[in-house]
Amino acid sequence: MNIIIKITCPDRMGIVSALSTALAAHGYNIIESSQFHEPAPGTARRAGEGRFFMRVDCVQTADGAGAETNAAGLAAFLDGFRSEFDAQVSVDDKDRVIPAIVMVSKFDHCLQDIWYRVRTNTLPIRMAAIVSNHTDSQADAARWGVDFHHLPVTPGTKAEQEARLEAIMAETGAELVVLARYMQILSDGFSSRHFGRVINIHHSFLPAFKGAKPYHRAWDRGVKHIGATAHYVTPDLDEGPIIEQGTERVSHTSDPDDLVMRGRDVEARVLSRAIRLHAEGRVFINGSRTVVFEP
């Protein structure tokens, strides 16, 4: 069995040594290990100051009763490790597929890309439901065999619809909500309650070109790069910790429609990559920033 161990703790000597020694002692072989030391502001990169982040991909080398004994021994070690190093530790099955709700409005390029990657087993999530404030994607959901929930939003129904969304999350066991060009703002309360579990995608023109037709206004200004940003949702609109970004160079030969087409392609790619990084346990939220261990 492959497992992913994630650790965040104050930096000090002996963290890597303690974990790697325990893994070997309990019959686990390390396949991939990544670590990062972020020094405290104004200090050098030395042990005892700052934060330490580590992700370890490892596999059991025993079967049957031996595997159970080793797993129990490792769990007991990690309980002590948490206390000794004041650490946040999570352990997940590497092959676990995360149930996710995908939210969309009218533009479905990100939804279509996510579904293709899920269907071809290149994105480790299960699409538990599609939620939309429009019915444009309902036929696709039916064809794919995915539950579709139409939750139209008005100022008077916003709280009610968010309560329904949370009920759908509970019913499906969804551990992630993906805003795949969902053109509604989630409430501060919802964003705070589910911080680290909601991912959004937006174009790269914020804050310069907010509102409708940003690509057209970017063309008016003669932009030379377009792009997209995927981030965790917070009450601060479009300012949550960034997971992934992508850009593409354009020129004077591109008209507004070409920018829109290219922009949607970048948005879809960046969002799907952010989902994969999150689902594989490669993202650590670090205040307003993230630590991301690339595959």
# chains A, B, ... in the order shown; residues from 1 in each chain; ligands from 1

call {"tool": "select_by_dssp", "arguments": {"residues": "segment 73-231 of chain A", "states": "helix (DSSP H, G or I)", "output": "VMD selection string"}}
result
chain A and resid 73 to 85 109 to 119 138 to 144 158 to 172 188 to 193 214 to 220

call {"tool": "residues_around", "arguments": {"residues": "Gly196 of chain A", "least_positions_apart": "4", "cutoff": "8 Å", "atoms": "only C-alpha atoms", "output": "list of chain:residue names"}}
result
A:Tyr232, A:Val233, A:Ile285

call {"tool": "write_last_selection", "arguments": {"atoms": "all heavy atoms", "output": "PDB file, in the first residue's frame"}}
result
ATOM      1  N   TYR A 232      -7.084  28.974  -3.726  1.00  0.00           N
ATOM      2  CA  TYR A 232      -8.082  28.624  -2.722  1.00  0.00           C
ATOM      3  C   TYR A 232      -8.960  29.843  -2.455  1.00  0.00           C
ATOM      4  O   TYR A 232      -8.482  30.982  -2.448  1.00  0.00           O
ATOM      5  CB  TYR A 232      -7.421  28.165  -1.429  1.00  0.00           C
ATOM      6  CG  TYR A 232      -6.753  26.821  -1.538  1.00  0.00           C
ATOM      7  CD1 TYR A 232      -5.369  26.694  -1.462  1.00  0.00           C
ATOM      8  CD2 TYR A 232      -7.501  25.659  -1.722  1.00  0.00           C
ATOM      9  CE1 TYR A 232      -4.748  25.460  -1.560  1.00  0.00           C
ATOM     10  CE2 TYR A 232      -6.885  24.416  -1.826  1.00  0.00           C
ATOM     11  CZ  TYR A 232      -5.509  24.327  -1.744  1.00  0.00           C
ATOM     12  OH  TYR A 232      -4.900  23.101  -1.856  1.00  0.00           O
ATOM     13  N   VAL A 233     -10.227  29.588  -2.239  1.00  0.00           N
ATOM     14  CA  VAL A 233     -11.187  30.674  -2.029  1.00  0.00           C
ATOM     15  C   VAL A 233     -11.145  31.138  -0.575  1.00  0.00           C
ATOM     16  O   VAL A 233     -11.107  30.330   0.354  1.00  0.00           O
ATOM     17  CB  VAL A 233     -12.613  30.200  -2.399  1.00  0.00           C
ATOM     18  CG1 VAL A 233     -13.656  31.232  -1.988  1.00  0.00           C
ATOM     19  CG2 VAL A 233     -12.685  29.943  -3.900  1.00  0.00           C
ATOM     20  N   ILE A 285      -0.902  24.905   2.557  1.00  0.00           N
ATOM     21  CA  ILE A 285      -1.281  26.306   2.747  1.00  0.00           C
ATOM     22  C   ILE A 285      -0.380  26.898   3.817  1.00  0.00           C
ATOM     23  O   ILE A 285      -0.227  26.345   4.907  1.00  0.00           O
ATOM     24  CB  ILE A 285      -2.756  26.430   3.148  1.00  0.00           C
ATOM     25  CG1 ILE A 285      -3.646  25.914   2.003  1.00  0.00           C
ATOM     26  CG2 ILE A 285      -3.105  27.877   3.476  1.00  0.00           C
ATOM     27  CD1 ILE A 285      -5.123  25.918   2.326  1.00  0.00           C
TER      28      ILE A 285
END

call {"tool": "closest_residue", "arguments": {"among": "A:Asn2, A:Gln184, A:Ser90, A:Gln245", "to": "Ala75 of chain A", "atoms": "only C-alpha atoms"}}
result
A:Ser90

call {"tool": "residues_around", "arguments": {"residues": "Leu74 of chain A", "least_positions_apart": "4", "cutoff": "9 Å", "atoms": "only C-alpha atoms", "output": "VMD selection string"}}
result
chain A and resid 22 to 23 25 to 26 69 to 70 78 to 79

call {"tool": "residues_around", "arguments": {"residues": "Ala279 of chain A", "least_positions_apart": "5", "cutoff": "12 Å", "atoms": "only C-alpha atoms", "output": "ChimeraX atom specification"}}
result
/A:4,92-100,122-126,175-178,196-199,243,272-274,284

call {"tool": "write_last_selection", "arguments": {"atoms": "N, CA and C atoms", "output": "tab-separated table (two decimals), in the first residue's frame"}}
result
chain	number	residue	atom	x	y	z
A	4	ILE	N	0.79	8.69	1.50
A	4	ILE	CA	1.39	10.01	1.45
A	4	ILE	C	1.36	10.59	2.86
A	92	ASP	N	-2.45	9.73	4.09
A	92	ASP	CA	-3.52	9.36	3.16
A	92	ASP	C	-3.06	8.26	2.23
A	93	ASP	N	-4.01	7.46	1.80
A	93	ASP	CA	-3.76	6.45	0.78
A	93	ASP	C	-3.46	7.17	-0.54
A	94	LYS	N	-2.33	6.87	-1.13
A	94	LYS	CA	-1.94	7.54	-2.37
A	94	LYS	C	-2.95	7.31	-3.49
A	95	ASP	N	-3.60	6.16	-3.50
A	95	ASP	CA	-4.52	5.81	-4.58
A	95	ASP	C	-5.96	6.25	-4.31
A	96	ARG	N	-6.18	6.96	-3.19
A	96	ARG	CA	-7.53	7.42	-2.87
A	96	ARG	C	-8.00	8.47	-3.86
A	97	VAL	N	-9.23	8.30	-4.35
A	97	VAL	CA	-9.81	9.25	-5.30
A	97	VAL	C	-10.73	10.19	-4.52
A	98	ILE	N	-10.51	11.48	-4.64
A	98	ILE	CA	-11.23	12.47	-3.84
A	98	ILE	C	-12.58	12.80	-4.47
A	99	PRO	N	-13.68	12.68	-3.73
A	99	PRO	CA	-14.98	13.10	-4.27
A	99	PRO	C	-15.06	14.63	-4.31
A	100	ALA	N	-15.50	15.16	-5.45
A	100	ALA	CA	-15.51	16.61	-5.64
A	100	ALA	C	-16.82	17.06	-6.28
A	122	THR	N	-6.78	10.53	-15.51
A	122	THR	CA	-5.60	11.37	-15.39
A	122	THR	C	-5.80	12.48	-14.37
A	123	LEU	N	-6.94	12.47	-13.69
A	123	LEU	CA	-7.21	13.43	-12.62
A	123	LEU	C	-7.81	12.64	-11.46
A	124	PRO	N	-7.12	12.60	-10.31
A	124	PRO	CA	-7.55	11.70	-9.22
A	124	PRO	C	-8.69	12.24	-8.38
A	125	ILE	N	-9.81	12.55	-9.03
A	125	ILE	CA	-11.02	12.93	-8.30
A	125	ILE	C	-12.19	12.15	-8.87
A	126	ARG	N	-13.25	12.08	-8.09
A	126	ARG	CA	-14.52	11.54	-8.57
A	126	ARG	C	-15.52	12.69	-8.60
A	175	GLU	N	-15.15	16.26	-0.67
A	175	GLU	CA	-14.05	16.84	0.09
A	175	GLU	C	-13.46	18.05	-0.61
A	176	LEU	N	-13.96	18.34	-1.80
A	176	LEU	CA	-13.43	19.45	-2.58
A	176	LEU	C	-14.56	20.06	-3.40
A	177	VAL	N	-14.56	21.39	-3.48
A	177	VAL	CA	-15.49	22.10	-4.36
A	177	VAL	C	-14.66	22.88	-5.38
A	178	VAL	N	-14.95	22.67	-6.65
A	178	VAL	CA	-14.21	23.32	-7.72
A	178	VAL	C	-15.11	24.33	-8.42
A	196	GLY	N	-9.53	26.02	2.18
A	196	GLY	CA	-8.64	24.91	1.82
A	196	GLY	C	-9.33	23.79	1.09
A	197	ARG	N	-10.67	23.92	0.91
A	197	ARG	CA	-11.43	22.86	0.23
A	197	ARG	C	-12.18	23.41	-0.99
A	198	VAL	N	-11.98	24.68	-1.31
A	198	VAL	CA	-12.66	25.29	-2.46
A	198	VAL	C	-11.61	25.94	-3.35
A	199	ILE	N	-11.57	25.52	-4.61
A	199	ILE	CA	-10.59	26.05	-5.57
A	199	ILE	C	-11.32	26.82	-6.66
A	243	ILE	N	-2.41	28.40	-6.03
A	243	ILE	CA	-1.94	27.02	-6.23
A	243	ILE	C	-1.15	26.89	-7.52
A	272	SER	N	-7.22	22.35	-13.97
A	272	SER	CA	-7.05	20.90	-13.84
A	272	SER	C	-5.73	20.55	-13.16
A	273	ARG	N	-4.70	21.32	-13.46
A	273	ARG	CA	-3.41	21.06	-12.80
A	273	ARG	C	-3.50	21.38	-11.30
A	274	ALA	N	-4.18	22.46	-10.96
A	274	ALA	CA	-4.34	22.81	-9.54
A	274	ALA	C	-5.12	21.73	-8.79
A	284	PHE	N	0.61	22.76	0.36
A	284	PHE	CA	0.56	23.13	1.77
A	284	PHE	C	0.17	24.60	1.84

call {"tool": "select_by_dssp", "arguments": {"residues": "segment 51-220 of chain A", "states": "strand (DSSP E)", "output": "ChimeraX atom specification"}}
result
/A:51-60,88-93,98-104,125-132,148-150,176-179,198-203

call {"tool": "closest_residue", "arguments": {"among": "A:Glu38, A:Ala218, A:Gly80, A:Gly281", "to": "Ile5 of chain A", "atoms": "only C-alpha atoms"}}
result
A:Gly281

call {"tool": "residues_around", "arguments": {"residues": "Val260 of chain A", "least_positions_apart": "6", "cutoff": "10 Å", "atoms": "only C-alpha atoms", "output": "PDB file with N, CA and C atoms, in the first residue's frame"}}
result
ATOM      1  N   LYS A 213     -16.418  41.003 -20.182  1.00  0.00           N
ATOM      2  CA  LYS A 213     -15.546  41.049 -21.359  1.00  0.00           C
ATOM      3  C   LYS A 213     -14.120  41.515 -21.044  1.00  0.00           C
ATOM      4  N   PRO A 214     -13.449  40.877 -20.107  1.00  0.00           N
ATOM      5  CA  PRO A 214     -12.080  41.301 -19.784  1.00  0.00           C
ATOM      6  C   PRO A 214     -11.109  41.099 -20.936  1.00  0.00           C
ATOM      7  N   TYR A 215     -11.314  40.050 -21.743  1.00  0.00           N
ATOM      8  CA  TYR A 215     -10.391  39.810 -22.858  1.00  0.00           C
ATOM      9  C   TYR A 215     -10.530  40.897 -23.920  1.00  0.00           C
ATOM     10  N   HIS A 216     -11.733  41.390 -24.119  1.00  0.00           N
ATOM     11  CA  HIS A 216     -11.935  42.466 -25.086  1.00  0.00           C
ATOM     12  C   HIS A 216     -11.244  43.748 -24.617  1.00  0.00           C
ATOM     13  N   TRP A 219      -7.553  43.360 -25.030  1.00  0.00           N
ATOM     14  CA  TRP A 219      -7.173  43.573 -26.436  1.00  0.00           C
ATOM     15  C   TRP A 219      -7.097  45.066 -26.740  1.00  0.00           C
ATOM     16  N   ILE A 226      -1.488  36.600 -21.828  1.00  0.00           N
ATOM     17  CA  ILE A 226      -2.727  36.266 -21.150  1.00  0.00           C
ATOM     18  C   ILE A 226      -2.446  35.070 -20.250  1.00  0.00           C
ATOM     19  N   SER A 254      -3.672  38.836 -32.815  1.00  0.00           N
ATOM     20  CA  SER A 254      -4.817  38.206 -32.154  1.00  0.00           C
ATOM     21  C   SER A 254      -5.941  39.216 -31.981  1.00  0.00           C
ATOM     22  N   VAL A 266      -6.065  28.173 -21.479  1.00  0.00           N
ATOM     23  CA  VAL A 266      -5.162  28.319 -20.335  1.00  0.00           C
ATOM     24  C   VAL A 266      -5.916  28.091 -19.038  1.00  0.00           C
TER      25      VAL A 266
END

call {"tool": "closest_atom_pairs", "arguments": {"of": "segment 100-187 of chain A", "to": "segment 267-271 of chain A", "cutoff": "12 Å", "atoms": "only C-alpha atoms", "output": "Markdown table"}}
result
| residue | atom | partner | partner_atom | distance |
| --- | --- | --- | --- | --- |
| A:Val102 | CA | A:Leu271 | CA | 11.5 |
| A:Phe107 | CA | A:Ala268 | CA | 11.0 |
| A:Asp108 | CA | A:Ala268 | CA | 9.5 |
| A:His109 | CA | A:Ala268 | CA | 6.4 |
| A:Cys110 | CA | A:Ala268 | CA | 4.5 |
| A:Leu111 | CA | A:Ala268 | CA | 8.0 |
| A:Gln112 | CA | A:Ala268 | CA | 8.6 |
| A:Asp113 | CA | A:Ala268 | CA | 6.2 |
| A:Ile114 | CA | A:Ala268 | CA | 7.8 |
| A:Trp115 | CA | A:Ala268 | CA | 11.0 |
| A:Tyr116 | CA | A:Ala268 | CA | 11.2 |
| A:Arg117 | CA | A:Arg269 | CA | 10.5 |
| A:Leu123 | CA | A:Leu271 | CA | 11.2 |
| A:Val178 | CA | A:Leu271 | CA | 8.7 |
| A:Leu179 | CA | A:Leu271 | CA | 9.1 |
| A:Ala180 | CA | A:Leu271 | CA | 7.7 |
| A:Arg181 | CA | A:Glu267 | CA | 8.9 |

call {"tool": "closest_residue", "arguments": {"among": "A:Gln161, A:Asn121, A:Ser204, A:Ser187", "to": "Ala230 of chain A", "atoms": "only C-alpha atoms"}}
result
A:Ser204

call {"tool": "decode", "arguments": {"residues": "segment 141-153 of chain A", "atoms": "all heavy atoms", "output": "PDB file, in the first residue's frame"}}
result
ATOM      1  N   ALA A 141     -24.381  16.470 -17.900  1.00  0.00           N
ATOM      2  CA  ALA A 141     -24.353  15.727 -16.643  1.00  0.00           C
ATOM      3  C   ALA A 141     -25.158  14.431 -16.765  1.00  0.00           C
ATOM      4  O   ALA A 141     -24.722  13.370 -16.298  1.00  0.00           O
ATOM      5  CB  ALA A 141     -24.900  16.593 -15.511  1.00  0.00           C
ATOM      6  N   ALA A 142     -26.322  14.519 -17.413  1.00  0.00           N
ATOM      7  CA  ALA A 142     -27.150  13.324 -17.599  1.00  0.00           C
ATOM      8  C   ALA A 142     -26.424  12.295 -18.461  1.00  0.00           C
ATOM      9  O   ALA A 142     -26.456  11.096 -18.182  1.00  0.00           O
ATOM     10  CB  ALA A 142     -28.488  13.713 -18.224  1.00  0.00           C
ATOM     11  N   ARG A 143     -25.778  12.753 -19.515  1.00  0.00           N
ATOM     12  CA  ARG A 143     -25.056  11.845 -20.407  1.00  0.00           C
ATOM     13  C   ARG A 143     -23.886  11.186 -19.688  1.00  0.00           C
ATOM     14  O   ARG A 143     -23.551  10.025 -19.946  1.00  0.00           O
ATOM     15  CB  ARG A 143     -24.571  12.620 -21.632  1.00  0.00           C
ATOM     16  CG  ARG A 143     -23.950  11.729 -22.709  1.00  0.00           C
ATOM     17  CD  ARG A 143     -23.690  12.466 -23.998  1.00  0.00           C
ATOM     18  NE  ARG A 143     -22.634  13.473 -23.863  1.00  0.00           N
ATOM     19  CZ  ARG A 143     -22.838  14.775 -23.823  1.00  0.00           C
ATOM     20  NH1 ARG A 143     -24.073  15.254 -23.876  1.00  0.00           N
ATOM     21  NH2 ARG A 143     -21.827  15.626 -23.715  1.00  0.00           N
ATOM     22  N   TRP A 144     -23.244  11.915 -18.785  1.00  0.00           N
ATOM     23  CA  TRP A 144     -22.093  11.380 -18.052  1.00  0.00           C
ATOM     24  C   TRP A 144     -22.501  10.540 -16.848  1.00  0.00           C
ATOM     25  O   TRP A 144     -21.662   9.865 -16.253  1.00  0.00           O
ATOM     26  CB  TRP A 144     -21.213  12.530 -17.560  1.00  0.00           C
ATOM     27  CG  TRP A 144     -20.656  13.393 -18.648  1.00  0.00           C
ATOM     28  CD1 TRP A 144     -20.487  13.069 -19.968  1.00  0.00           C
ATOM     29  CD2 TRP A 144     -20.182  14.739 -18.508  1.00  0.00           C
ATOM     30  NE1 TRP A 144     -19.937  14.121 -20.657  1.00  0.00           N
ATOM     31  CE2 TRP A 144     -19.737  15.162 -19.792  1.00  0.00           C
ATOM     32  CE3 TRP A 144     -20.084  15.631 -17.447  1.00  0.00           C
ATOM     33  CZ2 TRP A 144     -19.218  16.433 -20.020  1.00  0.00           C
ATOM     34  CZ3 TRP A 144     -19.564  16.890 -17.669  1.00  0.00           C
ATOM     35  CH2 TRP A 144     -19.127  17.289 -18.935  1.00  0.00           C
ATOM     36  N   GLY A 145     -23.785  10.610 -16.470  1.00  0.00           N
ATOM     37  CA  GLY A 145     -24.231   9.883 -15.292  1.00  0.00           C
ATOM     38  C   GLY A 145     -23.841  10.551 -13.990  1.00  0.00           C
ATOM     39  O   GLY A 145     -23.665   9.882 -12.968  1.00  0.00           O
ATOM     40  N   VAL A 146     -23.736  11.886 -14.012  1.00  0.00           N
ATOM     41  CA  VAL A 146     -23.368  12.657 -12.821  1.00  0.00           C
ATOM     42  C   VAL A 146     -24.593  13.434 -12.350  1.00  0.00           C
ATOM     43  O   VAL A 146     -25.289  14.066 -13.155  1.00  0.00           O
ATOM     44  CB  VAL A 146     -22.207  13.633 -13.124  1.00  0.00           C
ATOM     45  CG1 VAL A 146     -21.871  14.465 -11.886  1.00  0.00           C
ATOM     46  CG2 VAL A 146     -20.985  12.875 -13.608  1.00  0.00           C
ATOM     47  N   ASP A 147     -24.868  13.404 -11.048  1.00  0.00           N
ATOM     48  CA  ASP A 147     -26.000  14.153 -10.511  1.00  0.00           C
ATOM     49  C   ASP A 147     -25.833  15.645 -10.779  1.00  0.00           C
ATOM     50  O   ASP A 147     -24.753  16.210 -10.555  1.00  0.00           O
ATOM     51  CB  ASP A 147     -26.131  13.918  -9.003  1.00  0.00           C
ATOM     52  CG  ASP A 147     -26.606  12.517  -8.675  1.00  0.00           C
ATOM     53  OD1 ASP A 147     -27.167  11.863  -9.567  1.00  0.00           O
ATOM     54  OD2 ASP A 147     -26.401  12.074  -7.528  1.00  0.00           O
ATOM     55  N   PHE A 148     -26.921  16.267 -11.232  1.00  0.00           N
ATOM     56  CA  PHE A 148     -26.908  17.697 -11.541  1.00  0.00           C
ATOM     57  C   PHE A 148     -27.886  18.418 -10.622  1.00  0.00           C
ATOM     58  O   PHE A 148     -29.024  17.967 -10.421  1.00  0.00           O
ATOM     59  CB  PHE A 148     -27.301  17.932 -13.003  1.00  0.00           C
ATOM     60  CG  PHE A 148     -27.280  19.389 -13.415  1.00  0.00           C
ATOM     61  CD1 PHE A 148     -26.117  19.967 -13.888  1.00  0.00           C
ATOM     62  CD2 PHE A 148     -28.427  20.177 -13.323  1.00  0.00           C
ATOM     63  CE1 PHE A 148     -26.082  21.304 -14.263  1.00  0.00           C
ATOM     64  CE2 PHE A 148     -28.414  21.511 -13.701  1.00  0.00           C
ATOM     65  CZ  PHE A 148     -27.235  22.082 -14.169  1.00  0.00           C
ATOM     66  N   HIS A 149     -27.433  19.525 -10.057  1.00  0.00           N
ATOM     67  CA  HIS A 149     -28.282  20.313  -9.159  1.00  0.00           C
ATOM     68  C   HIS A 149     -28.354  21.743  -9.676  1.00  0.00           C
ATOM     69  O   HIS A 149     -27.322  22.428  -9.765  1.00  0.00           O
ATOM     70  CB  HIS A 149     -27.714  20.298  -7.741  1.00  0.00           C
ATOM     71  CG  HIS A 149     -27.600  18.935  -7.152  1.00  0.00           C
ATOM     72  ND1 HIS A 149     -28.621  18.353  -6.423  1.00  0.00           N
ATOM     73  CD2 HIS A 149     -26.583  18.028  -7.199  1.00  0.00           C
ATOM     74  CE1 HIS A 149     -28.227  17.152  -6.032  1.00  0.00           C
ATOM     75  NE2 HIS A 149     -27.005  16.930  -6.494  1.00  0.00           N
ATOM     76  N   HIS A 150     -29.562  22.175 -10.013  1.00  0.00           N
ATOM     77  CA  HIS A 150     -29.769  23.544 -10.489  1.00  0.00           C
ATOM     78  C   HIS A 150     -30.117  24.410  -9.290  1.00  0.00           C
ATOM     79  O   HIS A 150     -31.189  24.269  -8.693  1.00  0.00           O
ATOM     80  CB  HIS A 150     -30.889  23.573 -11.535  1.00  0.00           C
ATOM     81  CG  HIS A 150     -31.173  24.950 -12.040  1.00  0.00           C
ATOM     82  ND1 HIS A 150     -32.451  25.394 -12.327  1.00  0.00           N
ATOM     83  CD2 HIS A 150     -30.334  25.994 -12.304  1.00  0.00           C
ATOM     84  CE1 HIS A 150     -32.394  26.638 -12.758  1.00  0.00           C
ATOM     85  NE2 HIS A 150     -31.124  27.027 -12.749  1.00  0.00           N
ATOM     86  N   LEU A 151     -29.206  25.307  -8.939  1.00  0.00           N
ATOM     87  CA  LEU A 151     -29.410  26.193  -7.795  1.00  0.00           C
ATOM     88  C   LEU A 151     -29.307  27.646  -8.263  1.00  0.00           C
ATOM     89  O   LEU A 151     -28.249  28.280  -8.140  1.00  0.00           O
ATOM     90  CB  LEU A 151     -28.372  25.921  -6.697  1.00  0.00           C
ATOM     91  CG  LEU A 151     -28.301  24.501  -6.130  1.00  0.00           C
ATOM     92  CD1 LEU A 151     -27.262  24.431  -5.017  1.00  0.00           C
ATOM     93  CD2 LEU A 151     -29.659  24.037  -5.620  1.00  0.00           C
ATOM     94  N   PRO A 152     -30.371  28.187  -8.846  1.00  0.00           N
ATOM     95  CA  PRO A 152     -30.336  29.582  -9.297  1.00  0.00           C
ATOM     96  C   PRO A 152     -30.140  30.516  -8.106  1.00  0.00           C
ATOM     97  O   PRO A 152     -30.719  30.313  -7.038  1.00  0.00           O
ATOM     98  CB  PRO A 152     -31.694  29.784  -9.969  1.00  0.00           C
ATOM     99  CG  PRO A 152     -32.571  28.733  -9.385  1.00  0.00           C
ATOM    100  CD  PRO A 152     -31.690  27.563  -9.078  1.00  0.00           C
ATOM    101  N   VAL A 153     -29.309  31.537  -8.289  1.00  0.00           N
ATOM    102  CA  VAL A 153     -28.951  32.424  -7.188  1.00  0.00           C
ATOM    103  C   VAL A 153     -29.445  33.837  -7.454  1.00  0.00           C
ATOM    104  O   VAL A 153     -29.194  34.409  -8.517  1.00  0.00           O
ATOM    105  CB  VAL A 153     -27.421  32.444  -6.977  1.00  0.00           C
ATOM    106  CG1 VAL A 153     -27.042  33.419  -5.863  1.00  0.00           C
ATOM    107  CG2 VAL A 153     -26.907  31.051  -6.659  1.00  0.00           C
TER     108      VAL A 153
END
